[in-house]
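Peer 1: Following this line is run-v1.csv, made up of CSV, C-alpha atoms and all ligand atoms:
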chain,number,residue,atom,x,y,z
A,1,MET,CA,256.9,316.4,281.2
A,2,SER,CA,257.5,313.5,278.9
A,3,LYS,CA,256.4,313.9,275.3
A,4,ASP,CA,255.9,310.1,275.2
A,5,TRP,CA,253.1,310.1,277.8
A,6,SER,CA,249.8,308.9,276.5
A,7,LYS,CA,246.8,311.3,276.5
A,8,ALA,CA,245.4,309.7,279.7
A,9,THR,CA,248.6,310.6,281.6
A,10,LYS,CA,248.9,314.1,280.1
A,11,ALA,CA,245.3,314.8,281.1
A,12,VAL,CA,246.2,314.7,284.8
A,13,HIS,CA,249.8,315.8,284.8
A,14,ALA,CA,250.7,318.0,281.8
A,15,GLY,CA,251.4,321.6,282.6
A,16,THR,CA,251.3,321.3,286.4
A,17,ARG,CA,253.2,324.1,288.2
A,18,ARG,CA,253.7,323.6,291.9
A,19,SER,CA,254.2,326.4,294.4
A,20,GLN,CA,256.6,326.2,297.3
A,21,TYR,CA,253.8,324.3,299.3
A,22,GLY,CA,253.8,321.3,297.0
A,23,GLU,CA,250.0,321.2,296.6
A,24,VAL,CA,248.6,318.1,294.9
A,25,SER,CA,245.6,319.8,293.3
A,26,GLU,CA,246.6,322.7,291.2
A,27,ALA,CA,246.4,326.1,292.9
A,28,ILE,CA,244.1,329.0,291.8
A,29,PHE,CA,246.4,332.0,291.5
A,30,MET,CA,243.6,334.6,291.8
A,31,THR,CA,245.8,337.6,291.2
A,32,GLN,CA,245.9,340.3,288.6
A,33,GLY,CA,249.5,341.2,289.1
A,34,PHE,CA,252.9,339.9,290.3
A,35,VAL,CA,255.5,341.5,292.6
A,36,TYR,CA,259.1,342.2,291.3
A,37,ASP,CA,262.0,341.9,293.7
A,38,THR,CA,263.7,344.9,292.2
A,39,ALA,CA,263.0,347.7,289.7
A,40,GLU,CA,265.6,346.0,287.5
A,41,GLN,CA,263.6,342.8,287.5
A,42,ALA,CA,260.5,344.6,286.5
A,43,GLU,CA,262.3,346.2,283.6
A,44,ALA,CA,263.8,342.8,282.5
A,45,ARG,CA,260.4,341.1,282.7
A,46,PHE,CA,258.7,343.7,280.5
A,47,GLU,CA,261.6,343.2,278.0
A,48,SER,CA,261.1,339.5,277.8
A,49,ALA,CA,259.2,337.2,280.2
A,50,GLY,CA,260.1,333.5,280.6
A,51,PRO,CA,257.5,330.7,280.8
A,52,ASP,CA,257.2,331.0,284.6
A,53,GLU,CA,257.4,334.8,284.7
A,54,PHE,CA,254.2,336.8,284.8
A,55,ILE,CA,253.3,340.5,284.5
A,56,TYR,CA,249.6,340.9,284.5
A,57,ALA,CA,246.7,338.4,284.3
A,58,ARG,CA,245.5,339.8,280.9
A,59,TYR,CA,248.9,338.7,279.5
A,60,GLY,CA,249.2,335.5,281.5
A,61,ASN,CA,248.8,333.8,284.9
A,62,PRO,CA,250.1,330.6,286.4
A,63,THR,CA,246.7,328.8,286.6
A,64,VAL,CA,245.9,329.9,283.1
A,65,ALA,CA,249.3,328.8,281.9
A,66,MET,CA,248.8,325.3,283.5
A,67,PHE,CA,245.5,325.0,281.6
A,68,GLU,CA,247.1,326.2,278.3
A,69,ASP,CA,250.0,323.8,278.6
A,70,ARG,CA,247.8,320.8,279.5
A,71,ILE,CA,245.3,321.3,276.6
A,72,ALA,CA,248.2,321.9,274.2
A,73,ALA,CA,249.8,318.7,275.3
A,74,LEU,CA,246.5,316.8,274.8
A,75,GLU,CA,245.8,318.3,271.4
A,76,GLY,CA,249.3,317.9,270.2
A,77,THR,CA,250.0,321.6,269.4
A,78,GLU,CA,253.1,323.5,270.5
A,79,ASP,CA,251.2,326.2,272.3
A,80,ALA,CA,247.7,327.5,273.4
A,81,PHE,CA,246.1,330.8,274.5
A,82,ALA,CA,243.1,330.6,276.8
A,83,THR,CA,240.3,333.0,276.2
A,84,ALA,CA,237.3,334.3,278.2
A,85,SER,CA,234.8,332.4,276.1
A,86,GLY,CA,234.6,330.2,272.9
A,87,MET,CA,233.6,333.3,271.0
A,88,ALA,CA,236.6,335.2,272.2
A,89,ALA,CA,238.6,332.4,270.8
A,90,VAL,CA,236.9,332.4,267.4
A,91,ASN,CA,237.0,336.2,267.1
A,92,GLY,CA,240.6,336.3,268.4
A,93,ALA,CA,241.9,333.6,266.0
A,94,LEU,CA,240.2,335.3,263.0
A,95,MET,CA,241.0,338.9,263.8
A,96,SER,CA,244.6,338.2,264.7
A,97,VAL,CA,245.5,336.5,261.4
A,98,LEU,CA,243.3,338.6,259.0
A,99,LYS,CA,243.6,342.1,257.6
A,100,ALA,CA,241.7,344.3,255.2
A,101,GLY,CA,241.8,342.9,251.7
A,102,ASP,CA,242.1,339.3,252.7
A,103,HIS,CA,239.8,336.6,251.4
A,104,VAL,CA,238.3,333.9,253.6
A,105,VAL,CA,236.4,330.7,252.7
A,106,SER,CA,234.0,329.6,255.4
A,107,ALA,CA,231.5,326.7,255.8
A,108,ARG,CA,228.0,328.1,256.0
A,109,ALA,CA,226.7,325.7,258.7
A,110,LEU,CA,228.1,327.6,261.7
A,111,PHE,CA,227.2,328.3,265.3
A,112,GLY,CA,225.1,331.5,265.3
A,113,SER,CA,227.8,333.8,266.8
A,114,CYS,CA,230.5,332.4,264.4
A,115,LEU,CA,228.2,333.1,261.5
A,116,TYR,CA,227.7,336.7,262.8
A,117,ILE,CA,231.5,337.2,262.8
A,118,ALA,CA,232.0,335.8,259.3
A,119,GLU,CA,228.9,337.5,257.8
A,120,GLU,CA,228.7,340.8,259.6
A,121,ILE,CA,232.0,341.7,261.3
A,122,LEU,CA,234.8,340.6,259.0
A,123,PRO,CA,233.3,342.3,255.9
A,124,ARG,CA,233.1,345.6,257.9
A,125,PHE,CA,236.9,345.4,258.2
A,126,GLY,CA,237.4,344.8,254.5
A,127,VAL,CA,237.7,341.0,254.6
A,128,GLU,CA,235.8,339.2,251.9
A,129,VAL,CA,234.1,336.0,252.9
A,130,THR,CA,232.9,333.3,250.5
A,131,PHE,CA,230.5,330.7,252.0
A,132,VAL,CA,230.4,327.1,250.9
A,133,ASP,CA,228.6,323.9,251.8
A,134,GLY,CA,231.3,322.6,254.1
A,135,SER,CA,230.5,318.9,253.4
A,136,ASP,CA,231.1,319.4,249.6
A,137,LEU,CA,234.9,319.3,248.8
A,138,SER,CA,234.3,320.6,245.2
A,139,GLN,CA,232.8,323.8,246.6
A,140,TRP,CA,235.9,324.4,248.8
A,141,GLU,CA,238.0,323.7,245.7
A,142,ALA,CA,236.1,326.2,243.6
A,143,ALA,CA,236.1,328.9,246.3
A,144,ILE,CA,239.7,328.8,247.5
A,145,ARG,CA,241.8,331.3,245.6
A,146,PRO,CA,245.5,332.4,245.5
A,147,ASP,CA,244.6,335.3,247.7
A,148,THR,CA,242.7,333.2,250.2
A,149,ARG,CA,244.3,333.9,253.6
A,150,ALA,CA,242.3,331.4,255.7
A,151,VAL,CA,239.6,328.8,255.6
A,152,PHE,CA,237.2,328.4,258.6
A,153,PHE,CA,234.8,325.7,259.5
A,154,GLU,CA,233.3,323.6,262.3
A,155,SER,CA,234.5,320.1,261.8
A,156,LEU,CA,231.1,318.7,262.9
A,157,SER,CA,228.3,321.1,262.3
A,158,ASN,CA,225.5,322.2,264.7
A,159,PRO,CA,222.8,321.0,264.8
A,160,THR,CA,222.6,318.7,261.8
A,161,LEU,CA,226.0,316.9,262.4
A,162,GLU,CA,227.5,317.2,259.0
A,163,LEU,CA,231.3,316.7,258.8
A,164,VAL,CA,233.9,318.7,257.0
A,165,ASP,CA,236.6,316.4,255.5
A,166,ILE,CA,239.5,318.1,257.4
A,167,GLU,CA,242.3,316.4,255.4
A,168,GLY,CA,240.6,317.2,252.1
A,169,VAL,CA,240.0,320.9,252.9
A,170,ALA,CA,243.5,321.3,254.4
A,171,LYS,CA,245.2,320.0,251.2
A,172,LEU,CA,243.2,322.4,249.1
A,173,ALA,CA,243.9,325.3,251.5
A,174,HIS,CA,247.6,324.6,251.9
A,175,ALA,CA,248.1,324.3,248.1
A,176,GLN,CA,247.0,328.0,247.9
A,177,GLY,CA,249.0,329.0,251.1
A,178,ALA,CA,245.8,329.5,253.2
A,179,LEU,CA,245.7,328.9,256.9
A,180,VAL,CA,243.2,326.2,258.2
A,181,ILE,CA,241.2,327.4,261.2
A,182,CYS,CA,238.9,324.8,262.8
A,183,ASP,CA,236.3,325.2,265.5
A,184,ASN,CA,236.4,321.7,266.8
A,185,VAL,CA,233.9,321.8,269.6
A,186,PHE,CA,231.5,319.0,268.5
A,187,ALA,CA,234.5,316.6,267.8
A,188,THR,CA,235.9,317.3,271.3
A,189,PRO,CA,239.6,317.1,272.1
A,190,VAL,CA,239.0,313.4,272.8
A,191,TYR,CA,238.1,312.5,269.2
A,192,SER,CA,240.4,315.2,267.6
A,193,ASN,CA,243.3,314.5,265.3
A,194,ALA,CA,243.1,318.0,263.9
A,195,VAL,CA,246.8,318.8,263.8
A,196,ALA,CA,247.7,315.5,262.1
A,197,GLN,CA,244.8,316.1,259.6
A,198,GLY,CA,246.3,319.5,258.6
A,199,VAL,CA,244.6,322.1,260.8
A,200,ASP,CA,246.8,325.1,261.6
A,201,ILE,CA,244.7,326.7,264.3
A,202,VAL,CA,242.4,324.6,266.5
A,203,ILE,CA,239.7,326.3,268.6
A,204,TYR,CA,237.5,325.0,271.4
A,205,SER,CA,234.7,326.6,273.4
A,206,THR,CA,235.9,325.1,276.7
A,207,THR,CA,232.4,325.9,278.0
A,208,LYS,CA,231.3,322.6,276.5
A,209,HIS,CA,233.0,319.2,277.1
A,210,ILE,CA,236.1,320.6,278.7
A,211,ASP,CA,234.3,322.1,281.7
A,212,GLY,CA,231.7,319.4,281.0
A,213,GLN,CA,229.6,320.4,284.0
A,214,GLY,CA,227.9,323.6,282.8
A,215,ARG,CA,229.7,326.0,285.2
A,216,ALA,CA,231.9,328.5,283.4
A,217,LEU,CA,232.6,330.1,280.0
A,218,GLY,CA,235.9,329.7,278.3
A,219,GLY,CA,237.8,329.1,275.1
A,220,VAL,CA,241.2,328.2,273.7
A,221,ILE,CA,243.2,328.9,270.6
A,222,MET,CA,245.9,326.4,269.7
A,223,GLY,CA,248.7,326.1,267.1
A,224,THR,CA,252.4,326.5,266.6
A,225,ARG,CA,254.4,328.6,269.1
A,226,GLU,CA,255.0,331.1,266.3
A,227,ILE,CA,251.3,331.6,265.6
A,228,ILE,CA,250.2,331.6,269.2
A,229,ARG,CA,252.9,333.8,270.7
A,230,LYS,CA,253.6,336.1,267.8
A,231,THR,CA,250.2,336.5,266.2
A,232,VAL,CA,247.4,335.5,268.6
A,233,GLU,CA,248.8,336.6,272.0
A,234,PRO,CA,249.5,340.2,271.0
A,235,TYR,CA,245.9,340.5,269.7
A,236,MET,CA,244.3,338.8,272.7
A,237,LYS,CA,246.3,340.4,275.5
A,238,HIS,CA,245.8,343.9,274.2
A,239,THR,CA,242.1,343.5,273.4
A,240,GLY,CA,241.1,341.9,276.7
A,241,GLY,CA,239.7,338.5,275.9
A,242,SER,CA,241.9,336.4,278.3
A,243,MET,CA,240.5,333.7,280.5
A,244,SER,CA,240.1,334.3,284.2
A,245,PRO,CA,242.4,332.3,286.6
A,246,PHE,CA,239.3,330.9,288.3
A,247,ASN,CA,237.8,329.6,285.1
A,248,ALA,CA,241.1,328.3,284.0
A,249,TRP,CA,241.2,326.2,287.2
A,250,ILE,CA,237.7,324.8,286.4
A,251,MET,CA,238.9,323.9,282.9
A,252,LEU,CA,242.2,322.5,284.1
A,253,LYS,CA,240.4,320.1,286.5
A,254,GLY,CA,237.8,319.4,283.8
A,255,LEU,CA,240.6,318.1,281.5
A,256,GLU,CA,241.4,315.4,284.1
A,257,THR,CA,238.1,313.6,283.7
A,258,MET,CA,237.2,314.7,280.1
A,259,ARG,CA,238.2,311.5,278.4
A,260,LEU,CA,236.1,309.4,280.8
A,261,ARG,CA,233.1,311.6,280.5
A,262,VAL,CA,233.2,312.1,276.7
A,263,ARG,CA,233.8,308.4,275.9
A,264,GLU,CA,230.9,307.4,278.2
A,265,GLN,CA,228.7,310.1,276.6
A,266,ALA,CA,229.6,308.9,273.1
A,267,GLU,CA,228.9,305.3,274.0
A,268,THR,CA,225.4,306.3,275.3
A,269,ALA,CA,224.8,308.5,272.3
A,270,LEU,CA,225.4,305.5,270.0
A,271,LYS,CA,223.1,303.3,272.1
A,272,LEU,CA,220.3,305.9,272.0
A,273,ALA,CA,220.7,306.6,268.3
A,274,ALA,CA,220.6,302.9,267.4
A,275,ALA,CA,217.6,302.3,269.6
A,276,LEU,CA,215.7,305.4,268.3
A,277,GLU,CA,216.4,304.8,264.6
A,278,GLY,CA,213.3,303.6,262.9
A,279,HIS,CA,210.9,304.7,265.7
A,280,GLU,CA,207.5,305.3,264.2
A,281,CYS,CA,207.3,308.8,265.6
A,282,LEU,CA,210.6,309.9,264.1
A,283,SER,CA,211.3,310.8,260.5
A,284,ARG,CA,215.1,311.0,261.0
A,285,VAL,CA,217.8,310.1,263.5
A,286,ILE,CA,221.1,311.9,262.7
A,287,TYR,CA,224.2,310.4,264.4
A,288,PRO,CA,227.6,310.1,262.7
A,289,GLY,CA,228.3,306.8,264.5
A,290,LEU,CA,225.3,305.1,262.7
A,291,PRO,CA,225.9,303.4,259.3
A,292,SER,CA,222.9,305.4,258.0
A,293,HIS,CA,224.7,308.7,258.4
A,294,PRO,CA,225.8,309.7,254.9
A,295,GLN,CA,229.3,310.5,256.2
A,296,HIS,CA,229.6,307.5,258.5
A,297,ASP,CA,232.9,306.4,256.9
A,298,LEU,CA,234.4,309.8,257.1
A,299,ALA,CA,233.3,310.1,260.8
A,300,SER,CA,235.0,306.8,261.6
A,301,ARG,CA,238.2,307.8,259.9
A,302,GLN,CA,238.3,311.4,261.2
A,303,MET,CA,237.0,311.0,264.7
A,304,GLY,CA,237.0,307.2,265.4
A,305,ALA,CA,233.6,307.6,267.0
A,306,GLY,CA,230.3,309.3,266.5
A,307,GLY,CA,230.6,311.9,269.2
A,308,THR,CA,228.3,313.0,272.0
A,309,MET,CA,225.6,314.8,270.0
A,310,LEU,CA,222.7,313.4,268.1
A,311,ALA,CA,219.6,314.9,266.5
A,312,ILE,CA,216.2,313.5,265.9
A,313,GLU,CA,213.3,314.8,263.8
A,314,VAL,CA,209.9,314.2,265.4
A,315,LYS,CA,207.1,313.6,262.9
A,316,GLY,CA,204.4,316.3,263.1
A,317,GLY,CA,206.7,319.4,263.2
A,318,LYS,CA,206.9,322.0,266.0
A,319,GLU,CA,203.8,320.8,267.9
A,320,ALA,CA,204.9,317.2,268.1
A,321,ALA,CA,208.5,318.2,269.0
A,322,TYR,CA,207.3,320.5,271.8
A,323,LYS,CA,205.1,317.7,273.2
A,324,PHE,CA,208.1,315.4,273.2
A,325,LEU,CA,210.4,318.0,274.8
A,326,ASN,CA,207.8,318.9,277.5
A,327,ALA,CA,207.3,315.2,278.4
A,328,CYS,CA,211.0,314.4,278.9
A,329,GLU,CA,211.7,314.0,282.6
A,330,VAL,CA,215.4,313.1,282.6
A,331,GLY,CA,216.7,315.2,279.7
A,332,ILE,CA,216.3,319.0,280.4
A,333,ILE,CA,215.5,321.7,277.9
A,334,SER,CA,218.4,324.1,277.6
A,335,ASN,CA,221.0,325.1,275.0
A,336,ASN,CA,224.5,324.3,276.3
A,337,LEU,CA,226.1,321.0,275.2
A,338,GLY,CA,228.8,318.6,276.4
A,339,ASP,CA,227.3,318.8,279.9
A,340,ALA,CA,227.0,315.9,282.4
A,341,LYS,CA,223.2,316.5,282.1
A,342,THR,CA,221.4,315.5,278.9
A,343,ILE,CA,220.3,318.7,277.2
A,344,LEU,CA,217.5,318.9,274.6
A,345,THR,CA,217.1,321.9,272.2
A,346,PRO,CA,214.7,322.7,269.4
A,347,PRO,CA,217.2,324.6,267.2
A,348,ALA,CA,214.7,326.0,264.7
A,349,PHE,CA,213.1,328.0,267.6
A,350,THR,CA,216.1,328.7,269.9
A,351,THR,CA,219.7,328.7,268.7
A,352,HIS,CA,218.9,329.1,265.1
A,353,GLN,CA,215.7,331.2,265.6
A,354,ARG,CA,217.0,334.2,263.7
A,355,LEU,CA,218.2,332.4,260.5
A,356,PRO,CA,215.9,333.2,257.5
A,357,GLN,CA,213.6,330.3,256.6
A,358,ASP,CA,215.5,329.6,253.3
A,359,GLN,CA,218.7,329.1,255.2
A,360,LYS,CA,217.0,326.9,257.8
A,361,ASP,CA,215.7,324.8,254.9
A,362,ALA,CA,219.1,324.6,253.2
A,363,LEU,CA,220.7,323.5,256.5
A,364,GLY,CA,218.0,321.0,257.3
A,365,ILE,CA,216.9,322.8,260.5
A,366,THR,CA,213.3,321.7,260.4
A,367,PRO,CA,210.5,322.5,263.0
A,368,GLY,CA,210.5,318.9,264.3
A,369,LEU,CA,214.3,318.8,264.8
A,370,VAL,CA,215.5,318.2,268.4
A,371,ARG,CA,219.2,318.4,269.2
A,372,ILE,CA,220.3,316.1,272.0
A,373,SER,CA,223.6,316.6,273.9
A,374,VAL,CA,224.0,313.3,275.6
A,375,GLY,CA,225.0,313.4,279.3
A,376,LEU,CA,226.2,311.0,281.9
A,377,GLU,CA,222.9,309.5,283.0
A,378,ASP,CA,222.3,305.8,282.6
A,379,ALA,CA,221.6,304.9,279.0
A,380,ASP,CA,218.5,302.9,279.8
A,381,ASP,CA,217.0,305.6,281.9
A,382,LEU,CA,217.5,308.0,279.0
A,383,LEU,CA,216.1,305.6,276.5
A,384,GLY,CA,213.1,304.9,278.7
A,385,ASP,CA,212.5,308.6,279.1
A,386,PHE,CA,212.6,309.3,275.4
A,387,MET,CA,210.3,306.4,274.7
A,388,GLN,CA,207.7,307.5,277.2
A,389,ALA,CA,208.0,311.1,275.9
A,390,LEU,CA,207.6,310.0,272.3
A,391,SER,CA,204.4,308.1,273.2
A,392,HIS,CA,202.8,311.6,273.9
B,401,LIG,C1,229.3,327.1,272.0
B,401,LIG,C2,230.1,327.2,270.8
B,401,LIG,C3,230.8,328.4,270.5
B,401,LIG,C4,230.9,329.6,271.4
B,401,LIG,O1,231.4,329.3,272.7
B,401,LIG,P1,231.0,330.2,274.0
B,401,LIG,O2,231.9,329.5,275.0
B,401,LIG,O3,229.6,330.0,274.2
B,401,LIG,O4,231.4,331.6,273.7
B,401,LIG,C5,231.5,328.4,269.3
B,401,LIG,N1,231.5,327.4,268.4
B,401,LIG,C6,230.8,326.3,268.7
B,401,LIG,C7,230.7,325.2,267.7
B,401,LIG,C8,230.0,326.2,269.9
B,401,LIG,O5,229.3,325.0,270.1
Do you think you could lay out the structure here as C-alpha cells?
Peer 2:
Amino acid sequence: MSKDWSKATKAVHAGTRRSQYGEVSEAIFMTQGFVYDTAEQAEARFESAGPDEFIYARYGNPTVAMFEDRIAALEGTEDAFATASGMAAVNGALMSVLKAGDHVVSARALFGSCLYIAEEILPRFGVEVTFVDGSDLSQWEAAIRPDTRAVFFESLSNPTLELVDIEGVAKLAHAQGALVICDNVFATPVYSNAVAQGVDIVIYSTTKHIDGQGRALGGVIMGTREIIRKTVEPYMKHTGGSMSPFNAWIMLKGLETMRLRVREQAETALKLAAALEGHECLSRVIYPGLPSHPQHDLASRQMGAGGTMLAIEVKGGKEAAYKFLNACEVGIISNNLGDAKTILTPPAFTTHQRLPQDQKDALGITPGLVRISVGLEDADDLLGDFMQALSH
C-alpha cells in the first residue's frame, strides 16, 4: 500500500488481504484457530508470528487485521488493536499503560462508562485520578504533575459538545512525560488530526460512525507499533476483549463509506443548527460549527468542521422536551449516535440519569436538553419535522 494515498483511497484499499480466490469484497474469516502444516511450524509461530500468521482469534485474525490496518492508515498511526466494544478499548488502553501508584488527569465531562472506569475502577487498583474541566487549559496545567503517567479526555464532550484543546493539553502533558490518551468518538476519524496534534493513544468506539448503521459493537486502540504491540496487545489478548471477525468485517466495510456519510451528516447538522438557532421555543442551540459556540475557532482549527452532533435546549424543561421528542416523526428516540438514522436523546433522563444533580448542573445537562445525532435523512425533512414537533 502506498503511504502517499489520500484518505479516500486508503478507506477502500488499505489493509486488504486477498485469499487464493482473489475475492473483491474482503472475506470474513470466521475461524477461532489456524492449521499449522507441521509441528515445527506451530512452534515457530508461537515463538514469533509474522503479520500474516495467526494463532488464535483472541490474538488476531485476518479480517480483524484488515480492519486494524485500514483504520490505522486512515488515522495516521503505525498500528491499531481492534476491541469488542468502545469500552473494551477505553478500559484496555488505560489498564495496559497504568499501574498502582500512577497519577492520571482526566476531563470530568466523560461518557458514563468512561467516568465509571476513571472514578471507580482505577482508584481500586491504586491509580490516583484528578478531574478537571477539560475545556480550561489552566486546570490541566495545575493538575498535571511530574508523576502524572497519563491524561485522558474526550476531544468533544457528550452531550454538551465542549472541546478539549488537544494541542494545548498535549504540550502540557508531554512536558511532564505523560501519555495523551484521547477518546475521539465525537470528532470521528474524518475530522481527526489527533496524532499530529500530539495524541499518543487514539480510541474510537466503532459502534458509532465507523459502523454508522447501528448494527454492531466495536472499538479500536491506535498508536505507535511499540505501544500497540508491546503494551496494549498483551493486555487485550490475555484479557479477552478482542473484536470478533464478523464485527471486524462490518467495521471494515463501514470505513469504505464513512467519509461520505460523516461529511453529509456534518453538513446537515450545520444546516439544522443554523436554522434552529434563535427559535422562540429554544433557549440554546449548541453546535461547534456555529459562530455562537464559545469554542468555534478552536473547533474550526482542530476539526475543520462542527461534527455530526448537536444539542438543543427546549424552553419549559422536561415536560416541553418530552413533548418535542414524542412529536418527532423522522428522528427516533434512542441513545446510539453516528447512525444513518437521526437519533434524539434526553441526556438528563437517559445516558446521564445517574449523575448527581450538582454534576449535571456543572456540566450543563439541563432537563430541557435534547442531544441530536444527525443522520442521513434529507435536511429539509428533518428541519420540517423538528419545526412541527416544536410547535407542540
Ligand atoms: C459510545 C461511546 C463509548 C463506548 O462505546 P461502546 O461501543 O458503546 O462500548 C465510549 N466513549 C464515547 C465518547 C462514546 O460515545
Peer 1: May I have the residues within 10 Å of ligand LIG 401 (chain B), computed using only C-alpha atoms and all ligand atoms, as JSON, numbers by chain?
Peer 2: {"A": [83, 84, 85, 86, 87, 88, 89, 90, 91, 109, 110, 111, 112, 113, 114, 115, 153, 154, 155, 156, 157, 158, 159, 182, 183, 184, 185, 186, 187, 203, 204, 205, 206, 207, 208, 209, 216, 217, 218, 219, 220, 335, 336, 337, 338]}
Peer 1: So, counting all atoms listed in the file, which residue among A:Glu40, A:Lys3, A:Asp52, A:Val314 is closest to Arg18 (chain A)?
Peer 2: A:Asp52
Peer 1: Pick from A:Leu252, A:Val104, A:Ile144, A:Met243: nearest to His13 (chain A), with only C-alpha atoms counted?
Peer 2: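 Of A:Leu252, A:Val104, A:Ile144, A:Met243, the one nearest His13 (chain A) is A:Leu252, counting only C-alpha atoms.
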Peer 1: CA of Ile55 (chain A) and CA of Met236 (chain A) are how many Å apart?
Peer 2: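 Computed distance, CA of Ile55 (chain A) to CA of Met236 (chain A), equals 14.9 Å.
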Peer 1: Identify which of the residues A:Ser244, A:Asp102, A:Pro356, A:Ala269 lies closest to Ala57 (chain A), counting only C-alpha atoms when measuring atom-to-atom distances.
Peer 2: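 Nearest to Ala57 (chain A): A:Ser244.
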Peer 1: Excluding Phe54 (chain A) and its own-chain neighbours fewer than 4 positions away, which residues fall within 12 Å of it when counting all atoms listed in the file? Please give them as an NGL selection string.
Peer 2: :A and (29 or 31-36 or 41-42 or 44-50 or 58-65)
Peer 1: So how far away is CA of Ala273 (chain A) from CA of Leu260 (chain A), in Å?
Peer 2: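 Here the two named atoms are 20.0 Å from each other.
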Peer 1: So that I can check the surroundings of region 297-301 of chain A, please list as number ranges by chain every protein, DNA and RNA residue that reaches within 7 Å of it, counting all atoms listed in the file and ignoring chain neighbours fewer than 4 positions away.
Peer 2: A: 288, 305-306
Peer 1: The selected residues should be written to file as a compact mmCIF listing (two decimals), in the frame of the given file (atoms: C-alpha atoms).
Peer 2:
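selection30.txt was written with the following content:
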# COMPACT_ATOMS: atom_id res chain seq x y z
CA PRO A 288 227.60 310.10 262.70
CA ALA A 305 233.60 307.60 267.00
CA GLY A 306 230.30 309.30 266.50
Peer 1: In terms of the shortest atom-to-atom distance over all atoms listed in the file, which of A:Arg259, A:Ala118, A:Gln302, A:Glu277 is closest to Gly168 (chain A)?
Peer 2: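 Of A:Arg259, A:Ala118, A:Gln302, A:Glu277, the one nearest Gly168 (chain A) is A:Gln302, counting all atoms listed in the file.
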Peer 1: May I have the residues at most 9 Å from (237.7, 326.7, 285.6) in the file's coordinates, counting all atoms listed in the file, as a PyMOL selection string?
Peer 2: chain A and resi 67+211+215-218+244-254
